[in-house]
Structures are given as structure tokens and as C-alpha cells.
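*Asks:* Just final.cif, nothing more (mmCIF, C-alpha atoms):
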```cif
data_work
loop_
_atom_site.label_atom_id
_atom_site.label_comp_id
_atom_site.auth_asym_id
_atom_site.auth_seq_id
_atom_site.Cartn_x
_atom_site.Cartn_y
_atom_site.Cartn_z
CA MET B 1 148.92 79.00 170.86
CA ILE B 2 147.79 79.58 174.38
CA ARG B 3 145.76 76.72 175.76
CA ARG B 4 143.42 78.08 178.36
CA GLN B 5 141.53 75.93 180.78
CA HIS B 6 137.99 76.83 181.64
CA PRO B 7 137.41 77.45 185.34
CA THR B 8 135.05 74.96 186.92
CA SER B 9 132.60 77.71 187.74
CA PRO B 10 132.62 81.46 187.26
CA ALA B 11 132.28 82.07 190.99
CA GLU B 12 135.59 80.38 191.70
CA THR B 13 137.78 82.72 189.73
CA GLN B 14 138.06 86.42 189.47
CA ALA B 15 137.77 86.52 185.73
CA PRO B 16 138.02 89.91 184.09
CA THR B 17 134.64 91.39 183.19
CA HIS B 18 135.70 91.66 179.59
CA GLU B 19 137.67 88.86 177.99
CA THR B 20 139.62 91.48 176.05
CA ASN B 21 140.68 93.31 179.17
CA ALA B 22 144.19 91.94 179.26
CA MET B 23 145.35 94.42 181.88
CA ASN B 24 144.42 92.01 184.67
CA ASP B 25 147.02 89.60 183.35
CA VAL B 26 149.79 92.15 183.21
CA ILE B 27 152.41 91.98 185.91
CA ASP B 28 153.31 95.19 187.64
CA ARG B 29 156.82 96.37 186.75
CA SER B 30 157.68 96.37 190.45
CA ALA B 31 156.89 92.65 190.74
CA THR B 32 160.31 91.11 190.47
CA GLN B 33 160.33 88.40 193.11
CA SER B 34 158.73 85.07 192.50
CA ALA B 35 158.27 81.77 194.27
CA LYS B 36 156.98 78.39 193.24
CA ILE B 37 154.81 75.73 194.82
CA VAL B 38 154.47 72.31 193.18
CA ILE B 39 151.02 70.68 193.03
CA ALA B 40 151.67 66.99 192.45
CA GLY B 41 149.35 64.05 192.03
CA GLY B 42 148.06 61.34 189.73
CA PHE B 43 145.80 61.78 186.72
CA GLY B 44 142.35 63.15 187.41
CA VAL B 45 143.11 64.05 191.01
CA GLY B 46 142.26 67.73 190.58
CA LYS B 47 145.58 69.53 190.04
CA THR B 48 144.28 71.85 187.34
CA THR B 49 141.09 72.51 189.28
CA PHE B 50 143.19 73.37 192.33
CA VAL B 51 145.36 75.81 190.37
CA GLY B 52 142.33 77.38 188.68
CA ALA B 53 140.55 77.96 191.99
CA VAL B 54 143.10 80.54 193.16
CA SER B 55 145.02 81.64 190.07
CA GLU B 56 144.58 85.26 189.03
CA ILE B 57 145.22 84.28 185.42
CA ASN B 58 143.44 81.51 183.56
CA PRO B 59 145.72 78.52 184.03
CA LEU B 60 148.27 78.25 181.25
CA SER B 61 149.72 75.08 179.83
CA THR B 62 153.30 74.35 178.88
CA GLU B 63 154.74 71.27 177.26
CA ALA B 64 157.29 69.79 179.56
CA SER B 65 157.83 66.53 177.74
CA MET B 66 156.40 63.90 175.53
CA THR B 67 154.62 60.75 176.55
CA ALA B 68 152.13 58.24 175.28
CA ALA B 69 149.44 59.04 177.79
CA ALA B 70 147.42 62.01 178.90
CA ALA B 71 144.21 62.47 180.76
CA ARG B 72 141.42 64.83 181.54
CA ASP B 73 142.15 66.40 184.85
CA ASP B 74 138.82 67.91 185.71
CA GLY B 75 138.18 65.99 188.90
CA GLY B 76 135.84 63.62 187.09
CA ALA B 77 136.42 60.16 185.74
CA VAL B 78 139.94 59.29 184.69
CA ASP B 79 140.08 59.24 180.92
CA THR B 80 143.38 57.94 179.66
CA LYS B 81 144.13 58.54 176.02
CA THR B 82 147.07 58.42 173.73
CA SER B 83 148.89 61.64 172.94
CA THR B 84 152.35 62.88 172.20
CA THR B 85 152.27 65.75 174.64
CA VAL B 86 152.06 66.07 178.36
CA ALA B 87 150.82 69.42 179.45
CA MET B 88 151.83 70.99 182.70
CA ASP B 89 149.21 73.46 183.83
CA PHE B 90 150.17 76.37 186.00
CA GLY B 91 148.73 79.52 187.50
CA ARG B 92 149.81 82.61 189.36
CA ILE B 93 148.89 84.44 192.56
CA GLY B 94 150.09 87.98 193.22
CA VAL B 95 150.63 88.02 196.96
CA SER B 96 151.84 91.60 197.04
CA ASP B 97 152.99 94.29 194.65
CA GLU B 98 156.43 92.71 194.56
CA ILE B 99 155.89 88.98 195.01
CA LEU B 100 154.25 86.46 192.69
CA ILE B 101 153.64 82.82 193.50
CA TYR B 102 153.43 80.28 190.71
CA LEU B 103 151.57 77.01 191.18
CA PHE B 104 152.70 74.17 188.92
CA GLY B 105 150.53 71.11 188.51
CA THR B 106 152.86 68.18 187.90
CA PRO B 107 151.95 64.65 186.84
CA GLY B 108 152.76 62.35 189.72
CA GLN B 109 153.55 59.14 187.89
CA GLN B 110 157.01 57.65 188.01
CA ARG B 111 157.42 57.89 184.26
CA PHE B 112 157.31 61.70 184.49
CA ALA B 113 160.08 61.77 187.07
CA PHE B 114 162.53 63.24 184.55
CA MET B 115 160.59 66.53 184.55
CA TRP B 116 160.21 66.80 188.32
CA ASP B 117 163.74 68.13 188.86
CA GLN B 118 163.10 71.05 186.53
CA VAL B 119 159.80 71.86 188.22
CA SER B 120 160.97 71.30 191.79
CA LEU B 121 164.26 73.22 191.58
CA GLY B 122 164.01 76.00 194.12
CA ALA B 123 160.36 75.30 195.02
CA LEU B 124 159.16 76.50 198.43
CA GLY B 125 157.41 73.18 198.85
CA ALA B 126 154.79 70.86 197.40
CA ILE B 127 151.20 69.80 197.92
CA VAL B 128 150.51 66.17 197.05
CA LEU B 129 146.87 65.81 195.99
CA LEU B 130 145.24 62.44 196.34
CA ASP B 131 141.99 60.60 195.83
CA THR B 132 141.23 58.27 198.74
CA ALA B 133 140.08 55.64 196.21
CA ARG B 134 143.55 55.61 194.63
CA LEU B 135 145.99 56.28 197.45
CA SER B 136 148.80 54.37 195.75
CA ASP B 137 148.86 56.96 192.92
CA SER B 138 150.53 59.35 195.35
CA HIS B 139 153.43 57.09 196.35
CA ALA B 140 155.82 58.16 193.58
CA ALA B 141 155.43 61.87 194.34
CA ILE B 142 155.77 61.36 198.10
CA ASP B 143 158.88 59.22 197.65
CA TYR B 144 160.38 61.85 195.34
CA PHE B 145 159.84 64.78 197.71
CA GLU B 146 161.02 62.77 200.72
CA ALA B 147 164.21 61.68 198.94
CA ARG B 148 165.06 65.26 197.95
CA GLN B 149 163.96 66.76 201.24
CA ILE B 150 161.45 69.04 199.56
CA PRO B 151 158.84 69.91 202.22
CA PHE B 152 155.33 68.77 201.31
CA ILE B 153 151.86 68.40 202.74
CA VAL B 154 149.16 65.95 201.65
CA ALA B 155 145.67 67.09 200.62
CA ALA B 156 142.86 64.56 200.17
CA ASN B 157 140.54 65.91 197.47
CA SER B 158 136.81 65.23 197.87
CA PHE B 159 135.34 62.84 195.34
CA THR B 160 131.81 61.56 195.75
CA HIS B 161 132.77 58.10 194.50
CA SER B 162 135.67 57.74 196.92
CA PRO B 163 135.62 56.36 200.44
CA ALA B 164 135.54 58.90 203.23
CA ALA B 165 138.79 58.93 205.17
CA THR B 166 139.96 61.09 208.02
CA PRO B 167 143.34 62.78 207.71
CA GLU B 168 144.62 60.31 210.34
CA GLN B 169 143.49 57.34 208.24
CA VAL B 170 145.24 58.82 205.20
CA ARG B 171 148.38 59.40 207.25
CA ALA B 172 148.36 55.81 208.49
CA ALA B 173 147.67 54.34 205.04
CA LEU B 174 150.59 56.28 203.54
CA THR B 175 152.83 55.76 206.61
CA LEU B 176 153.50 59.48 206.75
CA SER B 177 155.46 61.04 209.55
CA ASP B 178 153.34 62.69 212.28
CA THR B 179 154.84 66.05 211.43
CA ILE B 180 153.58 66.17 207.83
CA PRO B 181 150.23 67.97 207.65
CA VAL B 182 147.34 66.10 206.01
CA VAL B 183 144.30 68.20 205.07
CA ASP B 184 140.88 67.62 203.55
CA LEU B 185 140.40 69.51 200.33
CA ASP B 186 137.72 70.50 197.87
CA ALA B 187 139.83 71.63 194.90
CA ARG B 188 136.81 73.41 193.41
CA GLU B 189 136.51 75.73 196.40
CA ARG B 190 138.77 78.75 196.57
CA HIS B 191 138.71 78.91 200.38
CA SER B 192 139.63 75.23 200.63
CA VAL B 193 142.57 75.65 198.23
CA LYS B 194 143.64 78.77 200.13
CA HIS B 195 143.59 76.75 203.36
CA ALA B 196 145.82 74.08 201.83
CA LEU B 197 148.32 76.71 200.61
CA ILE B 198 148.38 78.43 204.02
CA THR B 199 148.88 75.03 205.70
CA LEU B 200 151.92 74.42 203.49
CA VAL B 201 153.43 77.86 204.20
CA GLU B 202 152.83 77.45 207.94
CA TYR B 203 154.47 74.03 207.79
CA LEU B 204 157.51 75.63 206.12
CA LEU B 205 157.61 78.17 208.96
CA VAL B 206 157.38 75.38 211.55
CA LEU B 207 160.30 73.61 209.84
CA ARG B 208 162.28 76.86 210.14
CA SER B 209 161.21 77.17 213.77
CA ALA B 210 159.53 80.46 212.92
CA LEU B 211 156.15 79.12 214.11
CA PRO B 212 155.39 76.75 216.99
CA THR B 213 154.59 73.14 216.07
CA PRO B 214 150.80 72.84 215.78
CA VAL B 215 148.85 70.04 217.43
CA HIS B 216 147.18 68.02 214.66
CA THR B 217 143.54 67.32 215.36
CA MET J 1 157.46 75.25 164.05
CA THR J 2 154.53 73.15 165.06
CA VAL J 3 156.38 69.88 165.34
CA GLY J 4 155.71 68.47 168.75
CA SER J 5 153.23 71.15 169.74
CA GLY J 6 149.66 70.77 170.95
CA GLY J 7 148.19 69.64 167.64
CA SER J 8 149.65 66.15 167.71
CA SER J 9 147.16 63.40 167.12
CA ALA J 10 146.90 59.94 168.57
CA ALA J 11 148.36 58.57 165.36
CA ASP J 12 151.65 60.34 166.09
CA ALA J 13 152.13 58.44 169.28
CA ASP J 14 152.81 54.94 168.11
CA ALA J 15 155.92 54.80 170.24
CA ASP J 16 157.21 56.67 173.23
CA GLY J 17 160.69 56.70 171.75
CA GLU J 18 159.63 58.37 168.55
CA ALA J 19 157.69 61.05 170.41
CA VAL J 20 160.63 61.83 172.66
CA ASP J 21 162.93 62.01 169.63
CA ARG J 22 160.68 64.55 167.95
CA GLU J 23 160.54 66.66 171.08
CA LEU J 24 164.31 66.60 171.36
CA VAL J 25 164.66 67.56 167.73
CA ARG J 26 162.42 70.60 168.18
CA ALA J 27 164.13 71.72 171.38
CA PHE J 28 167.47 71.25 169.63
CA MET J 29 166.40 73.36 166.68
CA LEU J 30 165.31 76.20 168.94
CA THR J 31 168.48 76.17 170.97
CA ARG J 32 170.79 75.40 168.03
CA GLY J 33 171.77 72.02 169.35
CA ARG J 34 172.22 72.74 173.03
CA THR J 35 170.30 71.05 175.83
CA ARG J 36 172.05 73.04 178.55
CA ALA J 37 172.53 76.78 178.79
CA SER J 38 176.09 78.08 178.63
CA SER J 39 175.15 80.30 181.57
CA PRO J 40 173.53 79.34 184.91
CA GLU J 41 170.00 78.09 184.30
CA LEU J 42 167.22 80.11 185.89
CA PRO J 43 164.27 78.48 187.65
CA ILE J 44 161.07 78.36 185.57
CA GLU J 45 159.25 80.85 187.85
CA THR J 46 161.87 83.60 187.35
CA ILE J 47 160.26 86.87 186.21
CA VAL J 48 162.05 88.14 183.12
CA SER J 49 161.58 91.24 181.00
CA ALA J 50 163.14 92.95 178.02
CA SER J 51 165.75 95.22 179.50
CA THR J 52 165.02 98.67 178.16
CA GLY J 53 167.66 100.53 180.11
CA LEU J 54 170.55 98.31 179.15
CA ALA J 55 172.51 98.55 175.96
CA THR J 56 171.43 95.77 173.65
CA SER J 57 173.99 93.03 173.29
CA ASN J 58 176.18 93.20 170.19
CA VAL J 59 175.28 89.61 169.44
CA PRO J 60 172.43 89.65 166.90
CA LEU J 61 169.25 87.92 168.08
CA ASP J 62 167.83 85.06 166.06
CA ARG J 63 164.13 84.69 165.27
CA GLU J 64 163.21 82.85 168.46
CA GLN J 65 165.14 85.28 170.63
CA ARG J 66 163.43 88.23 168.92
CA ARG J 67 160.01 86.67 169.62
CA ILE J 68 160.98 86.28 173.27
CA ARG J 69 162.20 89.86 173.55
CA THR J 70 159.05 91.22 171.92
CA LEU J 71 156.81 89.20 174.25
CA LEU J 72 158.79 90.38 177.26
CA ALA J 73 157.90 94.03 176.78
CA VAL J 74 155.55 92.78 179.54
CA PRO J 75 157.36 91.01 182.40
CA MET J 76 156.44 87.37 183.00
CA SER J 77 157.91 84.09 184.19
CA ILE J 78 159.95 81.74 182.00
CA ALA J 79 157.07 79.24 182.25
CA GLU J 80 154.70 81.86 180.80
CA VAL J 81 157.15 82.52 177.94
CA SER J 82 157.06 78.78 177.22
CA ALA J 83 153.23 78.72 177.27
CA HIS J 84 152.66 81.89 175.24
CA LEU J 85 155.20 81.10 172.50
CA THR J 86 154.62 77.30 172.56
CA ILE J 87 158.29 76.68 173.22
CA PRO J 88 158.98 73.47 175.18
CA LEU J 89 159.85 74.36 178.77
CA ARG J 90 163.36 72.93 178.53
CA ALA J 91 164.18 75.06 175.49
CA ALA J 92 162.64 78.18 177.05
CA VAL J 93 164.89 77.80 180.11
CA VAL J 94 168.00 77.47 177.94
CA LEU J 95 167.13 80.39 175.62
CA VAL J 96 165.98 82.81 178.32
CA SER J 97 168.86 82.02 180.71
CA GLU J 98 171.36 82.79 177.96
CA MET J 99 169.59 85.99 176.94
CA VAL J 100 169.69 87.14 180.57
CA ALA J 101 173.41 86.35 180.76
CA ALA J 102 173.97 88.28 177.50
CA GLY J 103 172.13 91.32 178.85
CA SER J 104 169.23 91.33 176.41
CA LEU J 105 166.77 90.37 179.18
CA SER J 106 166.73 91.19 182.87
CA ALA J 107 165.66 88.73 185.54
CA GLY J 108 164.09 89.10 188.98
CA GLN J 109 164.92 87.21 192.14
CA THR J 110 163.32 84.00 193.28
CA VAL J 111 162.28 83.65 196.91
CA ASP J 112 164.63 81.57 199.03
CA SER J 113 162.62 78.98 200.97
CA SER J 114 164.76 79.68 204.05
CA ASP J 115 163.72 83.35 204.08
CA THR J 116 161.24 83.28 206.98
CA THR J 117 160.46 87.00 206.72
CA MET J 118 159.30 86.39 203.16
CA LEU J 119 157.36 83.25 204.16
CA LEU J 120 155.52 85.21 206.87
CA LYS J 121 154.69 87.88 204.28
CA ILE J 122 153.38 85.20 201.91
CA ARG J 123 151.25 83.66 204.68
CA SER J 124 149.67 87.01 205.54
CA ALA J 125 148.95 87.70 201.89
CA LEU J 126 147.36 84.25 201.35
CA GLN J 127 145.12 84.81 204.37
CA LEU J 128 143.85 88.00 202.75
CA LEU J 129 143.12 86.37 199.36
#
```
Please, can you express the file's structure as C-alpha cells?
*Replies:*
Amino acid sequence: MIRRQHPTSPAETQAPTHETNAMNDVIDRSATQSAKIVIAGGFGVGKTTFVGAVSEINPLSTEASMTAAAARDDGGAVDTKTSTTVAMDFGRIGVSDEILIYLFGTPGQQRFAFMWDQVSLGALGAIVLLDTARLSDSHAAIDYFEARQIPFIVAANSFTHSPAATPEQVRAALTLSDTIPVVDLDARERHSVKHALITLVEYLLVLRSALPTPVHT
Amino acid sequence: MTVGSGGSSAADADADGEAVDRELVRAFMLTRGRTRASSPELPIETIVSASTGLATSNVPLDREQRRIRTLLAVPMSIAEVSAHLTIPLRAAVVLVSEMVAAGSLSAGQTVDSSDTTMLLKIRSALQLL
């Protein structure tokens, strides 16, 4: 069974014209290199929406573990329910004929920590999504990436019910180092998600001294 | 083969421990009792495909391995194998890694995060998305 997520709006994905046209999902034989970026964050913070906004395939879902909780992750109200599965949604971007990038949306709660190693192994880096109304939901993921020296940036997703906060306010509230980029995000918007991904890759290049350190505004 | 898959209802989840046990049982069945691959484990984003050019291993494939090989007539990541065949991720990593080591699947490279040439290429490509 393939569990497909519906994109938040048709304009945000490049869905094939015909649902039966599977060719768009087929990887070119020459594509043999792949990389991975982890999208971490609490329930309902927009991980699946983020992945769906840029993925060239409809986000897929894999069962990484079992738990007693699950939630809708559509950027709306948090809806905790009881379940025996935790789904990890992921998508794919073909960045060239040879290279594919996979985006894995990973539950950010401490009780899912056992699956983070599997997902993070070899990752280029991570984007920690947060809702400014629930900043503390991001602590576990931030602590994890810091402890394992996995480079990450922080992206504050826009929610109408949440207090407005500048990136500097978010940085101060989370006591993040000045060097870690903090960006505003609308996970429903492809260009906004693209910007967050580019910010992460540029941060990786800064860490490797392949790009000059930017001045955060 | 549906134990522990997406159809579980709320009634199944009376205890965390029981749920985890069932998941372990299913993963164990698929991997014939192993939770670790006997060969180096591949990252979940590794692109794998049925190796057509290579001589098929003498070791006969079991049902799950045959399903994987059939699916991988089209290359895809280990995570996609897990999603398409509804195999728990942990079990998919173990099964696929061993099939690669045995020569019945071939695997691509994963990008090293210290490879700045590759990172610059990825940045340019993302800007063009």
C-alpha cells in the first residue's frame, strides 16, 4: 500500500497531467548519487507540507516505528490521536540528471529519538521547523543535532494563530548561536521552501569555508 | 503480512510495549530474525536497482527478496522500497543492504557532506528549481 499525501494546492506541486503517467516518478538510470536532508519538528508544524511543496513525487510514507500517538500534520490544528504506527513522510528532488535529494520529515519529540539515528546517518544537514506559539517543541531536535554536530538551520513556519516573531527573537528565545541561520517560512509556498533549502546548503558551504560568512539581517 | 502496517486501529494501541513488540515481530519475520545486516548497512537514501548485468547470486531469494528485486527493475531509494512494499524501514535497510552485498542488487553513492563541489552543484540546482 502506498499512502500518498494530497498536496495543499495543485499550484504548489508539479503533478503529472495524468495520474496514470508514472513516467514522471521514474528515476533516470544515470541517477546514482543521492543525498538526504532531514526536516525535523513537532506535530502539526508543517513537515509534510514542506516536503510536498518541492517534492517531484507525491510524498511517500514509511513506517519507521510504532508509537501510541500520531497527528495530522497539515499545518492546521494539532490533532493527537492514538495509533500503532508513526509515519515518516518523505519526498524527492532531482537536482540534476545524476543527483537526487531526499527530504525526510521526522517527528521531533524525544520519544522518537530512537529513529533519528537511522534518518540522520549521513545527512547533509537538517531544517528544524517550528511554530512560534510552541517554541519548546523544537528543543529536542535542536539538542539532538547539536550533540551530534549535524549542521542545521531553523525555519519559523507562518501560522495565523501564532505570535509574530522576528528571526532574532526566535534566535534569542532558543539561545541559538549567532552562526545558525534562522529564516521565516511559509511551508505551503514552493519559493519559500526553496529559500530554506538554499539557506541550509549555503550554511553548509560556509561551514566548509567554501562561501564567505553572511551578515544576518 | 499486514501485521503492524497502516491498517492498525486505535484499539490495537492499548500499550506502547505491545505495539513495539508487534513491530519487532514483523521486522524479525521479514529478516529471518536479524535486526542488523551481516554486511555494512546502507543509508536510507541510497539508490538501489536490480543488477541486470551481474550474475545472479547462487543463493536463492526468498519471497520478500524477490518482491524487492522485481520492484527494483526501476531504480529507487531504500526508503521508497520501504514505502512501496510496506516493509518497515529498519527491515528494508537490513534486507536491501544484504542483497547489495550478495550482488543481487546494485547501489549508488551517497553524497559526502564534505564534498563542496557537490554542495555548490546542489545549490545551483536548487536556485533553478
*Asks:* What do you get, as a list in words, if you spell out every residue that the PyMOL selection byres ((chain B and resi 125) around 7) selects here?
*Replies:*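 When the PyMOL selection byres ((chain B and resi 125) around 7) is applied to the shown file, the picked residues are Ile37, Val38, Ala123, Leu124, Ala126, Ile150, Pro151 and Phe152 of chain B.
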*Asks:* Within 7 Å of Gln109 (chain J), counting all atoms listed in the file, which residues show up once you throw out same-chain ones fewer than 5 positions away? Write them as a list in words, please.
*Replies:*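 The residues that qualify are Thr32, Gln33 and Ser34 of chain B; Thr46 of chain J.
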*Asks:* Name the residues captured by the PyMOL selection byres ((chain J and resi 121) around 12) when it is applied to the shown file; answer as a list of chain:residue names.
*Replies:*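 Applied to this file, the PyMOL selection byres ((chain J and resi 121) around 12) returns B:Gly94, B:Val95, B:Ser96, B:Asp97, B:Glu98, B:Ile99, B:Leu100, B:Ile101, B:Ile198, B:Val201, B:Glu202, B:Leu205, J:Val111, J:Asp115, J:Thr116, J:Thr117, J:Met118, J:Leu119, J:Leu120, J:Ile122, J:Arg123, J:Ser124, J:Ala125, J:Leu126, J:Gln127, J:Leu128.
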*Asks:* At what distance in Å, to one decimal, does CA of Glu64 (chain J) lie from CA of Thr106 (chain B)?
*Replies:*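 Value for the CA of Thr106 (chain B)-CA of Glu64 (chain J) distance: 26.5 Å.
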*Asks:* Between J:Pro88, J:Leu95, J:Ala79, J:Pro40, single out the one closest to Asp62 (chain J), counting all atoms listed in the file.
*Replies:*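 Counting all atoms listed in the file, the residue closest to Asp62 (chain J) is J:Leu95.
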*Asks:* What separation in Å, quoted to one decimal, exists between CA of Leu174 (chain B) and CA of Gly41 (chain B)?
*Replies:* 13.9 Å
*Asks:* Can you measure CA of Ser104 (chain J) to CA of Pro43 (chain J) for me? One decimal in Å is fine.
*Replies:* 17.8 Å
*Asks:* Give as an MDAnalysis selection string each residue that has an atom at most 6 Å from (158.4, 78.7, 190.7) in the file, counting only C-alpha atoms.
*Replies:* (chainID B and resid 35:36 102 123) or (chainID J and resid 44:45)
*Asks:* Restrict the selected residues to C-alpha atoms and save them as a PDB file, keeping the file's coordinate frame.
*Replies:*
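Everything below was put into out_37.pdb:
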```pdb
ATOM      1  CA  ALA B  35     158.270  81.770 194.270  1.00  0.00           C
ATOM      2  CA  LYS B  36     156.980  78.390 193.240  1.00  0.00           C
ATOM      3  CA  TYR B 102     153.430  80.280 190.710  1.00  0.00           C
ATOM      4  CA  ALA B 123     160.360  75.300 195.020  1.00  0.00           C
TER       5      ALA B 123
ATOM      6  CA  ILE J  44     161.070  78.360 185.570  1.00  0.00           C
ATOM      7  CA  GLU J  45     159.250  80.850 187.850  1.00  0.00           C
TER       8      GLU J  45
END
```
*Asks:* Using all atoms listed in the file, find the one residue out of J:Met76, J:Leu105, J:Thr70, J:Ser38 that sits nearest to chain B.
*Replies:* J:Met76
*Asks:* Quick one: of J:Met99, J:Val94, J:Leu89, J:Ala73, who's nearest to chain B, counting only C-alpha atoms?
*Replies:*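 Residue with the minimum atom-to-atom distance to chain B: J:Leu89.
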*Asks:* Output as AutoDock Vina command-line options the centre and edge lengths (Å, one decimal) of the box along x, y and z of the file that holds every listed atom of region 37-55 of chain B after adding 6 Å on each side.
*Replies:*
```
--center_x 147.7 --center_y 71.5 --center_z 190.8 --size_x 26.3 --size_y 32.3 --size_z 20.1
```
*Asks:* I would like the residues chosen by the PyMOL selection byres ((chain B and resi 42) around 10) on the shown file; could you give them as a list in words?
*Replies:*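 Output from the PyMOL selection byres ((chain B and resi 42) around 10), applied to this file: Ala40, Gly41, Phe43, Gly44, Val45, Gly46, Lys47, Ala71, Asp73, Val78, Thr106, Pro107, Gly108, Gln109, Gln110, Val128, Leu129, Leu130, Asp131, Arg134, Leu135, Ser136, Asp137, Ser138, His139, Ala140 and Ala141 of chain B.
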*Asks:* Smallest atom-to-atom distance to chain J: which of B:Arg148, B:Arg171, B:Arg92, B:His161, using all atoms listed in the file?
*Replies:*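 Closest to chain J of all the choices is B:Arg92.
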*Asks:* Residues within 6 Å of (164.9, 85.0, 187.1), file coordinates, counting only C-alpha atoms: what are they? Give the list as a list of chain:residue names.
*Replies:*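 Residues lying no farther than 6 Å from the given point: J:Leu42, J:Thr46, J:Ile47, J:Val48, J:Ala107, J:Gly108, J:Gln109.
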*Asks:* Point out the residue among B:Ala147, B:Leu121, B:Ala187, B:Ala173 with the least atom-to-atom distance to Ala133 (chain B), counting only C-alpha atoms.
*Replies:*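 Among B:Ala147, B:Leu121, B:Ala187, B:Ala173, it is B:Ala173 that comes nearest to Ala133 (chain B).
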*Asks:* For region 184-197 of chain B in the structure I just supplied, write out N, CA, C and O atoms - as a compact mmCIF listing (two decimals), in the first residue's frame.
*Replies:*
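Result file decode.txt:
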```
# COMPACT_ATOMS: atom_id res chain seq x y z
N ASP B 184 12.35 32.91 8.13
CA ASP B 184 10.89 32.84 8.10
C ASP B 184 10.51 31.89 6.98
O ASP B 184 11.19 31.80 5.97
N LEU B 185 9.39 31.20 7.19
CA LEU B 185 8.99 30.19 6.21
C LEU B 185 7.48 30.17 6.06
O LEU B 185 6.76 30.33 7.04
N ASP B 186 7.03 29.97 4.81
CA ASP B 186 5.65 29.57 4.59
C ASP B 186 5.74 28.22 3.89
O ASP B 186 6.04 28.15 2.69
N ALA B 187 5.52 27.14 4.64
CA ALA B 187 5.75 25.78 4.13
C ALA B 187 4.83 25.44 2.97
O ALA B 187 5.07 24.46 2.26
N ARG B 188 3.78 26.27 2.75
CA ARG B 188 2.88 25.98 1.63
C ARG B 188 3.43 26.52 0.32
O ARG B 188 2.96 26.17 -0.76
N GLU B 189 4.41 27.45 0.44
CA GLU B 189 4.91 28.14 -0.75
C GLU B 189 6.22 27.52 -1.22
O GLU B 189 7.22 27.50 -0.49
N ARG B 190 6.21 27.09 -2.46
CA ARG B 190 7.39 26.45 -3.04
C ARG B 190 8.63 27.34 -2.96
O ARG B 190 9.71 26.88 -2.58
N HIS B 191 8.47 28.64 -3.29
CA HIS B 191 9.65 29.52 -3.29
C HIS B 191 10.21 29.70 -1.88
O HIS B 191 11.42 29.83 -1.68
N SER B 192 9.32 29.69 -0.88
CA SER B 192 9.75 29.85 0.50
C SER B 192 10.52 28.61 0.97
O SER B 192 11.56 28.70 1.65
N VAL B 193 10.02 27.44 0.59
CA VAL B 193 10.69 26.18 0.94
C VAL B 193 12.05 26.09 0.23
O VAL B 193 13.06 25.69 0.83
N LYS B 194 12.04 26.50 -1.05
CA LYS B 194 13.30 26.54 -1.82
C LYS B 194 14.33 27.42 -1.11
O LYS B 194 15.50 27.05 -0.97
N HIS B 195 13.87 28.59 -0.64
CA HIS B 195 14.77 29.51 0.05
C HIS B 195 15.37 28.87 1.30
O HIS B 195 16.56 29.01 1.58
N ALA B 196 14.53 28.16 2.05
CA ALA B 196 15.04 27.49 3.26
C ALA B 196 16.08 26.44 2.91
O ALA B 196 17.13 26.34 3.57
N LEU B 197 15.83 25.67 1.85
CA LEU B 197 16.79 24.63 1.44
C LEU B 197 18.10 25.25 0.97
O LEU B 197 19.19 24.77 1.32
```
